[in-house]
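Structure file entry30.cif with mmCIF, C-alpha atoms:
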data_work
#
loop_
_atom_site.label_atom_id
_atom_site.label_comp_id
_atom_site.auth_asym_id
_atom_site.auth_seq_id
_atom_site.Cartn_x
_atom_site.Cartn_y
_atom_site.Cartn_z
CA MET A 24 -14.74 -63.07 164.51
CA PRO A 25 -14.52 -66.89 164.95
CA THR A 26 -17.13 -66.62 167.71
CA ARG A 27 -19.55 -64.80 165.43
CA LEU A 28 -18.94 -67.29 162.61
CA THR A 29 -19.47 -70.20 164.99
CA PHE A 30 -22.72 -68.65 166.23
CA LEU A 31 -24.00 -68.07 162.67
CA THR A 32 -23.05 -71.59 161.64
CA ALA A 33 -24.87 -73.03 164.66
CA LEU A 34 -27.91 -70.88 163.90
CA VAL A 35 -28.03 -72.08 160.28
CA LEU A 36 -27.67 -75.71 161.36
CA LEU A 37 -30.46 -75.37 163.91
CA THR A 38 -32.70 -73.80 161.28
CA LEU A 39 -32.01 -76.64 158.86
CA ALA A 40 -32.51 -79.22 161.60
CA ALA A 41 -35.88 -77.78 162.68
CA PRO A 42 -38.48 -80.48 162.16
CA ALA A 43 -40.63 -79.99 159.09
CA SER A 44 -43.09 -82.37 160.75
CA ALA A 45 -44.31 -79.63 163.09
CA VAL A 46 -46.28 -77.97 160.31
CA ILE A 47 -49.93 -78.51 159.44
CA VAL A 48 -50.51 -77.84 155.77
CA PRO A 49 -54.27 -77.27 155.51
CA ASN A 50 -56.04 -79.70 153.19
CA LYS A 51 -52.74 -81.48 152.43
CA GLY A 52 -51.15 -83.07 155.50
CA MET A 53 -49.14 -82.73 158.71
CA ALA A 54 -46.25 -84.31 160.59
CA GLY A 55 -44.34 -84.79 157.34
CA VAL A 56 -46.97 -87.00 155.68
CA GLU A 57 -49.64 -86.10 153.14
CA LEU A 58 -53.12 -87.28 152.32
CA GLY A 59 -52.90 -89.94 149.63
CA ASP A 60 -49.55 -91.34 150.85
CA CYS A 61 -49.28 -95.13 150.96
CA ILE A 62 -49.08 -96.78 154.36
CA GLU A 63 -45.46 -97.80 153.72
CA ALA A 64 -44.41 -94.20 153.00
CA THR A 65 -45.93 -92.98 156.26
CA THR A 66 -44.12 -95.60 158.33
CA ASP A 67 -40.89 -94.62 156.56
CA THR A 68 -41.51 -91.02 157.68
CA LEU A 69 -43.02 -91.50 161.15
CA GLY A 70 -41.70 -94.92 162.14
CA TYR A 71 -43.79 -97.82 163.32
CA PRO A 72 -46.95 -96.90 165.27
CA ASP A 73 -47.54 -97.64 168.93
CA LYS A 74 -50.91 -99.18 168.14
CA THR A 75 -52.66 -100.48 165.02
CA PHE A 76 -56.28 -101.38 164.55
CA GLY A 77 -58.15 -102.62 161.50
CA LYS A 78 -61.89 -102.80 161.01
CA THR A 79 -64.58 -102.66 158.38
CA ASP A 80 -67.09 -99.82 158.48
CA VAL A 81 -69.87 -98.81 156.08
CA PHE A 82 -67.28 -97.39 153.67
CA GLY A 83 -65.03 -100.48 153.65
CA PHE A 84 -61.82 -101.54 155.38
CA VAL A 85 -59.98 -98.94 157.48
CA GLU A 86 -56.59 -99.32 159.21
CA THR A 87 -55.80 -96.94 162.09
CA TYR A 88 -52.25 -96.16 163.24
CA THR A 89 -51.78 -94.40 166.58
CA TYR A 90 -48.58 -92.64 167.67
CA PHE A 91 -49.02 -91.82 171.38
CA GLU A 92 -45.93 -89.69 171.92
CA LYS A 93 -46.48 -87.70 168.72
CA GLY A 94 -50.20 -87.35 169.44
CA LEU A 95 -51.16 -88.57 165.98
CA LYS A 96 -53.90 -90.86 164.73
CA LEU A 97 -53.80 -91.83 161.04
CA GLN A 98 -56.45 -93.66 159.03
CA PHE A 99 -55.83 -95.59 155.83
CA ARG A 100 -58.36 -96.92 153.33
CA ARG A 101 -58.16 -98.81 150.07
CA GLY A 102 -56.96 -96.56 147.29
CA GLN A 103 -57.01 -97.02 143.54
CA GLY A 104 -53.68 -98.85 143.61
CA GLU A 105 -52.61 -101.79 145.73
CA CYS A 106 -51.64 -99.86 148.86
CA LEU A 107 -53.73 -98.55 151.71
CA VAL A 108 -53.91 -94.76 151.31
CA LEU A 109 -53.78 -92.13 154.07
CA ASP A 110 -57.16 -90.37 154.21
CA SER A 111 -57.20 -88.83 157.72
CA ILE A 112 -54.61 -87.41 160.13
CA ARG A 113 -55.59 -86.13 163.57
CA THR A 114 -53.37 -84.48 166.17
CA THR A 115 -54.00 -83.72 169.81
CA LYS A 116 -50.54 -82.26 170.56
CA ASP A 117 -49.62 -78.60 170.40
CA GLN A 118 -46.38 -79.22 168.45
CA GLU A 119 -48.32 -79.33 165.19
CA ARG A 120 -49.24 -75.85 163.96
CA THR A 121 -50.15 -74.18 160.69
CA GLU A 122 -47.75 -71.70 159.12
CA GLU A 123 -49.86 -68.95 160.72
CA GLY A 124 -49.33 -70.50 164.18
CA VAL A 125 -52.77 -72.07 164.64
CA GLY A 126 -52.70 -75.29 166.65
CA LYS A 127 -53.97 -76.89 169.83
CA GLY A 128 -54.71 -74.23 172.43
CA THR A 129 -55.33 -71.43 169.91
CA ARG A 130 -58.41 -69.39 170.76
CA LYS A 131 -61.27 -69.48 168.26
CA LYS A 132 -61.02 -65.70 167.83
CA ALA A 133 -57.30 -65.95 166.95
CA LEU A 134 -58.00 -68.85 164.58
CA ARG A 135 -60.59 -66.77 162.71
CA ARG A 136 -58.20 -63.81 162.54
CA LYS A 137 -55.19 -65.82 161.30
CA LEU A 138 -56.77 -68.23 158.82
CA LYS A 139 -58.39 -67.00 155.63
CA GLY A 140 -61.47 -68.71 154.22
CA GLU A 141 -62.39 -70.59 157.40
CA LYS A 142 -65.96 -71.32 158.40
CA CYS A 143 -67.22 -72.13 161.90
CA ARG A 144 -70.39 -73.74 163.15
CA THR A 145 -71.72 -74.96 166.48
CA PHE A 146 -73.66 -78.21 166.37
CA LYS A 147 -76.10 -78.88 169.19
CA ARG A 148 -76.75 -82.58 168.61
CA PRO A 149 -75.79 -85.24 169.54
CA LYS A 150 -73.70 -83.06 171.86
CA ARG A 151 -72.72 -79.41 171.68
CA ILE A 152 -69.52 -79.00 169.64
CA THR A 153 -67.98 -76.16 167.66
CA ILE A 154 -65.96 -76.92 164.55
CA CYS A 155 -64.06 -74.52 162.29
CA TRP A 156 -62.86 -75.80 158.94
CA LEU A 157 -61.02 -74.96 155.74
CA GLY A 158 -62.25 -76.56 152.52
CA SER A 159 -65.70 -77.92 151.74
CA PHE A 160 -67.62 -80.99 152.79
CA THR A 161 -67.62 -82.27 149.21
CA PRO A 162 -67.05 -86.03 148.82
CA SER A 163 -63.46 -86.97 147.85
CA LYS A 164 -62.18 -83.45 148.59
CA PRO A 165 -59.76 -82.52 151.39
CA ILE A 166 -60.81 -80.62 154.49
CA THR A 167 -59.04 -79.34 157.61
CA GLU A 168 -61.12 -79.40 160.77
CA PHE A 169 -60.37 -77.53 164.01
CA ARG A 170 -62.46 -78.78 166.95
CA ILE A 171 -63.08 -76.11 169.58
CA ASP A 172 -63.52 -77.10 173.25
CA SER A 173 -65.93 -75.55 175.76
CA LYS A 174 -63.30 -72.94 176.72
CA GLY A 175 -63.12 -71.63 173.16
CA ARG A 176 -59.73 -73.17 172.30
CA VAL A 177 -58.69 -75.60 169.57
CA ASN A 178 -58.70 -79.08 171.09
CA ASN A 179 -57.60 -81.16 168.09
CA ILE A 180 -57.01 -80.78 164.37
CA ARG A 181 -57.79 -83.18 161.56
CA VAL A 182 -56.74 -83.09 157.92
CA ALA A 183 -58.83 -85.56 155.94
CA ILE A 184 -60.52 -86.55 152.72
CA VAL A 185 -64.32 -86.25 152.93
CA ILE A 186 -65.83 -89.73 152.57
CA ASP A 187 -68.91 -90.08 150.32
#

Output the file's structure as structure tokens, nothing else.
Amino acid sequence: MPTRLTFLTALVLLTLAAPASAVIVPNKGMAGVELGDCIEATTDTLGYPDKTFGKTDVFGFVETYTYFEKGLKLQFRRGQGECLVLDSIRTTKDQERTEEGVGKGTRKKALRRKLKGEKCRTFKRPKRITICWLGSFTPSKPITEFRIDSKGRVNNIRVAIVID
């Protein structure tokens, strides 16, 4: 009996210790951070990035944080408050998956079967690329984008706010 109790206790602890960061929540966030989080909150969750880069584009100032080992690239822009706000998270690692199991390496056919409400389109210019997404391309609204490679598999996933 003690062996069974020890096994069950270990199983419960492993379940509780499983990283919540390995979940993509479509149109909300991934890796334990959410769209709209302040830059300070994301560093509290993910730690300090391996690389930072700031620039100004046509939409204003953007700060990019890159986490090489985690395969994450985060973008922050000026929000309504005083902090820079998370508006885009991209992953290239297969640890991050949706609740349905969709992540890097998932075939397009499986993605379409598992996710409800997705749309897919192949763009021919400037180069041929297939993208499947959840949400709409409405300014200021969230969207989750699954880029499909030439072999028909998800190559990377981005959860972002559509910029005007």

When the PyMOL selection byres ((chain A and resi 163) around 9) is applied to the file above, which residues end up in the set, as a short mmCIF file (atom, residue, chain, number, x, y, z; two decimals) with C-alpha atoms, in the coordinates of the input?
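What landed in part_8.cif:
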data_model
loop_
_atom_site.label_atom_id
_atom_site.label_comp_id
_atom_site.auth_asym_id
_atom_site.auth_seq_id
_atom_site.Cartn_x
_atom_site.Cartn_y
_atom_site.Cartn_z
CA PHE A 160 -67.62 -80.99 152.79
CA THR A 161 -67.62 -82.27 149.21
CA PRO A 162 -67.05 -86.03 148.82
CA LYS A 164 -62.18 -83.45 148.59
CA PRO A 165 -59.76 -82.52 151.39
CA ILE A 184 -60.52 -86.55 152.72
CA VAL A 185 -64.32 -86.25 152.93
CA ILE A 186 -65.83 -89.73 152.57
CA ASP A 187 -68.91 -90.08 150.32
#

query: Separation of atom CA of Leu58 of chain A and atom CA of Arg144 of chain A, in Å?
result: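 Atom-to-atom, atom CA of Leu58 of chain A and atom CA of Arg144 of chain A are spaced 24.5 Å apart.
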
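Each of A:Lys74, A:Arg113, A:Lys96, A:Arg130 was checked against Glu168 of chain A using only C-alpha atoms; the smallest atom-to-atom distance is that of A:Arg113.
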
- prompt: Excluding same-chain residues fewer than 5 positions from segment 131-142 of chain A, what lies within 8 Å of it counting all atoms listed in the file, as number ranges by chain?
  reply: A: 123, 125, 155-158, 171, 175-177

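Nearest to Leu107 of chain A of all the residues A:Thr121, A:Thr167, A:Thr65, A:Ser159 is A:Thr65, counting all atoms listed in the file.
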
- prompt: Do you have the atom CA of Gln98 of chain A-atom CA of Cys143 of chain A distance handy?
  reply: 24.2 Å

message: Expand the PyMOL selection byres ((chain A and resi 48) around 9) into the explicit residue set it covers here, and present it as an MDAnalysis selection string.
response: chainID A and resid 46:47 49:53 57 120:122 167 182

Output for the residues just chosen: C-alpha atoms as an mmCIF file, in the coordinates of the input:
data_model
loop_
_atom_site.group_PDB
_atom_site.id
_atom_site.type_symbol
_atom_site.label_atom_id
_atom_site.label_comp_id
_atom_site.auth_asym_id
_atom_site.auth_seq_id
_atom_site.Cartn_x
_atom_site.Cartn_y
_atom_site.Cartn_z
ATOM 1 C CA VAL A 46 -46.280 -77.970 160.310
ATOM 2 C CA ILE A 47 -49.930 -78.510 159.440
ATOM 3 C CA PRO A 49 -54.270 -77.270 155.510
ATOM 4 C CA ASN A 50 -56.040 -79.700 153.190
ATOM 5 C CA LYS A 51 -52.740 -81.480 152.430
ATOM 6 C CA GLY A 52 -51.150 -83.070 155.500
ATOM 7 C CA MET A 53 -49.140 -82.730 158.710
ATOM 8 C CA GLU A 57 -49.640 -86.100 153.140
ATOM 9 C CA ARG A 120 -49.240 -75.850 163.960
ATOM 10 C CA THR A 121 -50.150 -74.180 160.690
ATOM 11 C CA GLU A 122 -47.750 -71.700 159.120
ATOM 12 C CA THR A 167 -59.040 -79.340 157.610
ATOM 13 C CA VAL A 182 -56.740 -83.090 157.920
#

task: Would you mind reading off the distance between atom CA of Thr129 of chain A and atom CA of Leu69 of chain A, one decimal, in Å?
output: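 Computed distance, atom CA of Thr129 of chain A to atom CA of Leu69 of chain A, equals 25.1 Å.
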
task: Find the residues near Asp73 of chain A: any atom within 8 Å, counting all atoms listed in the file, skip ones fewer than 4 places away on the same chain, and give them as a ChimeraX atom specification.
output: /A:88-91

Those residues with C-alpha atoms, as an mmCIF file, in the coordinates of the input please?
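again16.cif written:
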data_model
loop_
_atom_site.group_PDB
_atom_site.id
_atom_site.type_symbol
_atom_site.label_atom_id
_atom_site.label_comp_id
_atom_site.auth_asym_id
_atom_site.auth_seq_id
_atom_site.Cartn_x
_atom_site.Cartn_y
_atom_site.Cartn_z
ATOM 1 C CA TYR A 88 -52.250 -96.160 163.240
ATOM 2 C CA THR A 89 -51.780 -94.400 166.580
ATOM 3 C CA TYR A 90 -48.580 -92.640 167.670
ATOM 4 C CA PHE A 91 -49.020 -91.820 171.380
#

query: Counting only C-alpha atoms, what is within 6 Å of segment 75-77 of chain A, bar same-chain residues fewer than 5 positions away, as a VMD selection string?
result: chain A and resid 85 to 88

Same residues, C-alpha atoms, saved as a compact mmCIF listing (two decimals), in the coordinates of the input:
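The resulting selection.txt:
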# COMPACT_ATOMS: atom_id res chain seq x y z
CA VAL A 85 -59.98 -98.94 157.48
CA GLU A 86 -56.59 -99.32 159.21
CA THR A 87 -55.80 -96.94 162.09
CA TYR A 88 -52.25 -96.16 163.24
